[in-house]
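Asks: Next up is a structure, given as structure tokens.
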Amino acid sequence: MKLTLTQFVTIDGVYQGPGSPDEDPTDGFTRGGWMVPHMDQAFLAIASGWLDRASGLLLGRRTYEAFALAWPDMDPADPFTGRMNSLPKYVATRSGVATPWGPATVLSGDAVAQVAALKEQQGGELQLHGSAPLSQSLLAAGLIDEIRLVISPTVVGQGRRLFAPEGPALGMRVVGHQVTPGGLTVLEFEATGSATFDTYDGATATPA
């Protein structure tokens with residue numbers, strides 16, 4: 001399976017609490033709900049197309065528990081409800097977790113090794129949603145094949161960031177980009193390995 005990461009972020013890279021002011025008040029965060037004013041039908045169509053490719057969902061414990069509270073009671077008419085509730089869920093956690101929202105499999109112990117094994121299975125996409133600490137570990141291990149960033153035109157000035165300040169230097173290739181009428185910038189990247197660096201020699205220099 002192909003491992004993809006979908007993440008909602010602000011311009012300053014915060015992923016915490018996109019859906020409501022009280023979604024995730026961890027560490028005193030008070031500025032949640034920053035994505036909602038910009039959601040529109042164009043974005044929902046994009047997200048629905050992504051979900052069509054999923055063979056399973058990969059989630060960290062915190063994200064799984066938040067989704068488990070929300071999705072089972074979501075309106076059945078919502079276009080995402082049936083698929084989110086029926087897809088297999090793989091929950092990476094060191095501390096264990098109850099799994100009332102199934103079908104679910106707990107990945108305890110070495111999550112990186114277990115995710116690598118899941119990728120060897122036949123199927124479409126194993127989709128990682130949210131779960132930034134897990135995302136950071138899998139990025140560092142070179143296991144994420146594609147990143148989908150949905151950037152809200154908002155600077156929140158506080159909150160947890162997606163990319164660790166001391167994380168690996170990674171190279172990406174843009175494979176898709178668009179801006180929705182509501183102002184969300186959707187960027188799709190393919191991982192290319194380690195980042196490359198060079199020195200600027202002037203505008204007249206021959207490109208490499």
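Order determines the names: the first chain of the structure tokens is A, the second B, and so forth; residues in each chain are numbered 1 upward, and ligands are numbered 1 upward as they are shown.
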Do you know which residues are at most 12 Å from segment 13-20 of chain A counting only C-alpha atoms, after dropping those on the same chain fewer than 6 positions away, and could you put them as a PyMOL selection string?

Replies: chain A and resi 6-7+26-39+62-63+66-67+70+129-133+135+149-165

Asks: Name the residues of chain A that fall into strand (DSSP E or B) according to DSSP on the backbone, using the chain letters and numbers of this document, as an MDAnalysis selection string.

Replies: chainID A and resid 2:10 14 54:60 89:92 104:107 125:129 146:152 161 170:179 185:194

Asks: For the residues in the current selection, export C-alpha atoms as a PDB file, in the first residue's frame.

Replies:
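Result went into again12.pdb, see below:
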```
ATOM      1  CA  LYS A   2       1.006   3.588  -0.556  1.00  0.00           C
ATOM      2  CA  LEU A   3       1.304   5.641   2.645  1.00  0.00           C
ATOM      3  CA  THR A   4      -0.125   9.152   2.394  1.00  0.00           C
ATOM      4  CA  LEU A   5      -0.356  11.934   4.956  1.00  0.00           C
ATOM      5  CA  THR A   6      -3.228  14.428   4.897  1.00  0.00           C
ATOM      6  CA  GLN A   7      -2.842  17.368   7.231  1.00  0.00           C
ATOM      7  CA  PHE A   8      -4.695  20.641   7.765  1.00  0.00           C
ATOM      8  CA  VAL A   9      -2.341  23.477   8.723  1.00  0.00           C
ATOM      9  CA  THR A  10      -2.283  27.241   9.123  1.00  0.00           C
ATOM     10  CA  VAL A  14      -0.057  24.821  13.203  1.00  0.00           C
ATOM     11  CA  ALA A  54      -8.163   4.551   0.963  1.00  0.00           C
ATOM     12  CA  SER A  55      -7.788   0.909   1.911  1.00  0.00           C
ATOM     13  CA  GLY A  56      -7.244   1.815   5.566  1.00  0.00           C
ATOM     14  CA  LEU A  57      -6.727   4.682   8.014  1.00  0.00           C
ATOM     15  CA  LEU A  58      -3.570   5.059  10.107  1.00  0.00           C
ATOM     16  CA  LEU A  59      -4.033   7.131  13.261  1.00  0.00           C
ATOM     17  CA  GLY A  60      -2.187   8.048  16.417  1.00  0.00           C
ATOM     18  CA  LYS A  89      -8.304   1.613  11.305  1.00  0.00           C
ATOM     19  CA  TYR A  90      -4.748   1.035  12.493  1.00  0.00           C
ATOM     20  CA  VAL A  91      -3.949   2.816  15.751  1.00  0.00           C
ATOM     21  CA  ALA A  92      -0.303   3.415  16.678  1.00  0.00           C
ATOM     22  CA  ALA A 104      -9.572  -1.356  14.454  1.00  0.00           C
ATOM     23  CA  THR A 105      -6.147  -2.884  15.007  1.00  0.00           C
ATOM     24  CA  VAL A 106      -3.766  -1.558  17.658  1.00  0.00           C
ATOM     25  CA  LEU A 107      -0.125  -1.206  16.617  1.00  0.00           C
ATOM     26  CA  GLU A 125      -3.668   3.896   0.135  1.00  0.00           C
ATOM     27  CA  LEU A 126      -2.977   3.650   3.839  1.00  0.00           C
ATOM     28  CA  GLN A 127      -4.020   7.157   4.804  1.00  0.00           C
ATOM     29  CA  LEU A 128      -2.497   8.939   7.784  1.00  0.00           C
ATOM     30  CA  HIS A 129      -4.707  11.759   9.062  1.00  0.00           C
ATOM     31  CA  GLU A 146       2.907  11.520  -0.405  1.00  0.00           C
ATOM     32  CA  ILE A 147       1.922  14.529   1.691  1.00  0.00           C
ATOM     33  CA  ARG A 148      -1.315  16.455   1.184  1.00  0.00           C
ATOM     34  CA  LEU A 149      -1.312  19.815   2.926  1.00  0.00           C
ATOM     35  CA  VAL A 150      -4.486  21.861   3.159  1.00  0.00           C
ATOM     36  CA  ILE A 151      -3.374  25.350   4.187  1.00  0.00           C
ATOM     37  CA  SER A 152      -5.852  27.735   5.784  1.00  0.00           C
ATOM     38  CA  ARG A 161       3.418  22.535  14.531  1.00  0.00           C
ATOM     39  CA  LEU A 170      13.366  16.200   3.344  1.00  0.00           C
ATOM     40  CA  GLY A 171      12.960  16.755  -0.382  1.00  0.00           C
ATOM     41  CA  MET A 172       9.518  16.986  -1.995  1.00  0.00           C
ATOM     42  CA  ARG A 173       8.196  17.227  -5.540  1.00  0.00           C
ATOM     43  CA  VAL A 174       4.935  19.073  -6.182  1.00  0.00           C
ATOM     44  CA  VAL A 175       2.442  16.768  -7.925  1.00  0.00           C
ATOM     45  CA  GLY A 176      -0.726  18.833  -7.474  1.00  0.00           C
ATOM     46  CA  HIS A 177      -1.843  22.287  -6.405  1.00  0.00           C
ATOM     47  CA  GLN A 178      -5.041  24.316  -6.343  1.00  0.00           C
ATOM     48  CA  VAL A 179      -6.826  27.024  -4.383  1.00  0.00           C
ATOM     49  CA  THR A 185      -4.493  26.154  -0.661  1.00  0.00           C
ATOM     50  CA  VAL A 186      -4.213  22.454  -1.438  1.00  0.00           C
ATOM     51  CA  LEU A 187      -0.684  21.209  -2.096  1.00  0.00           C
ATOM     52  CA  GLU A 188       0.215  17.616  -2.938  1.00  0.00           C
ATOM     53  CA  PHE A 189       3.837  16.501  -2.607  1.00  0.00           C
ATOM     54  CA  GLU A 190       5.656  13.309  -3.485  1.00  0.00           C
ATOM     55  CA  ALA A 191       8.537  12.464  -1.172  1.00  0.00           C
ATOM     56  CA  THR A 192      11.886  12.369  -2.988  1.00  0.00           C
ATOM     57  CA  GLY A 193      14.245  11.476  -0.129  1.00  0.00           C
ATOM     58  CA  SER A 194      16.712  13.822   1.524  1.00  0.00           C
TER      59      SER A 194
END
```

Asks: In Å, rounded to a single decimal, give me how far atom CA of Pro79 of chain A is from atom CA of Leu44 of chain A.

Replies: 9.0 Å
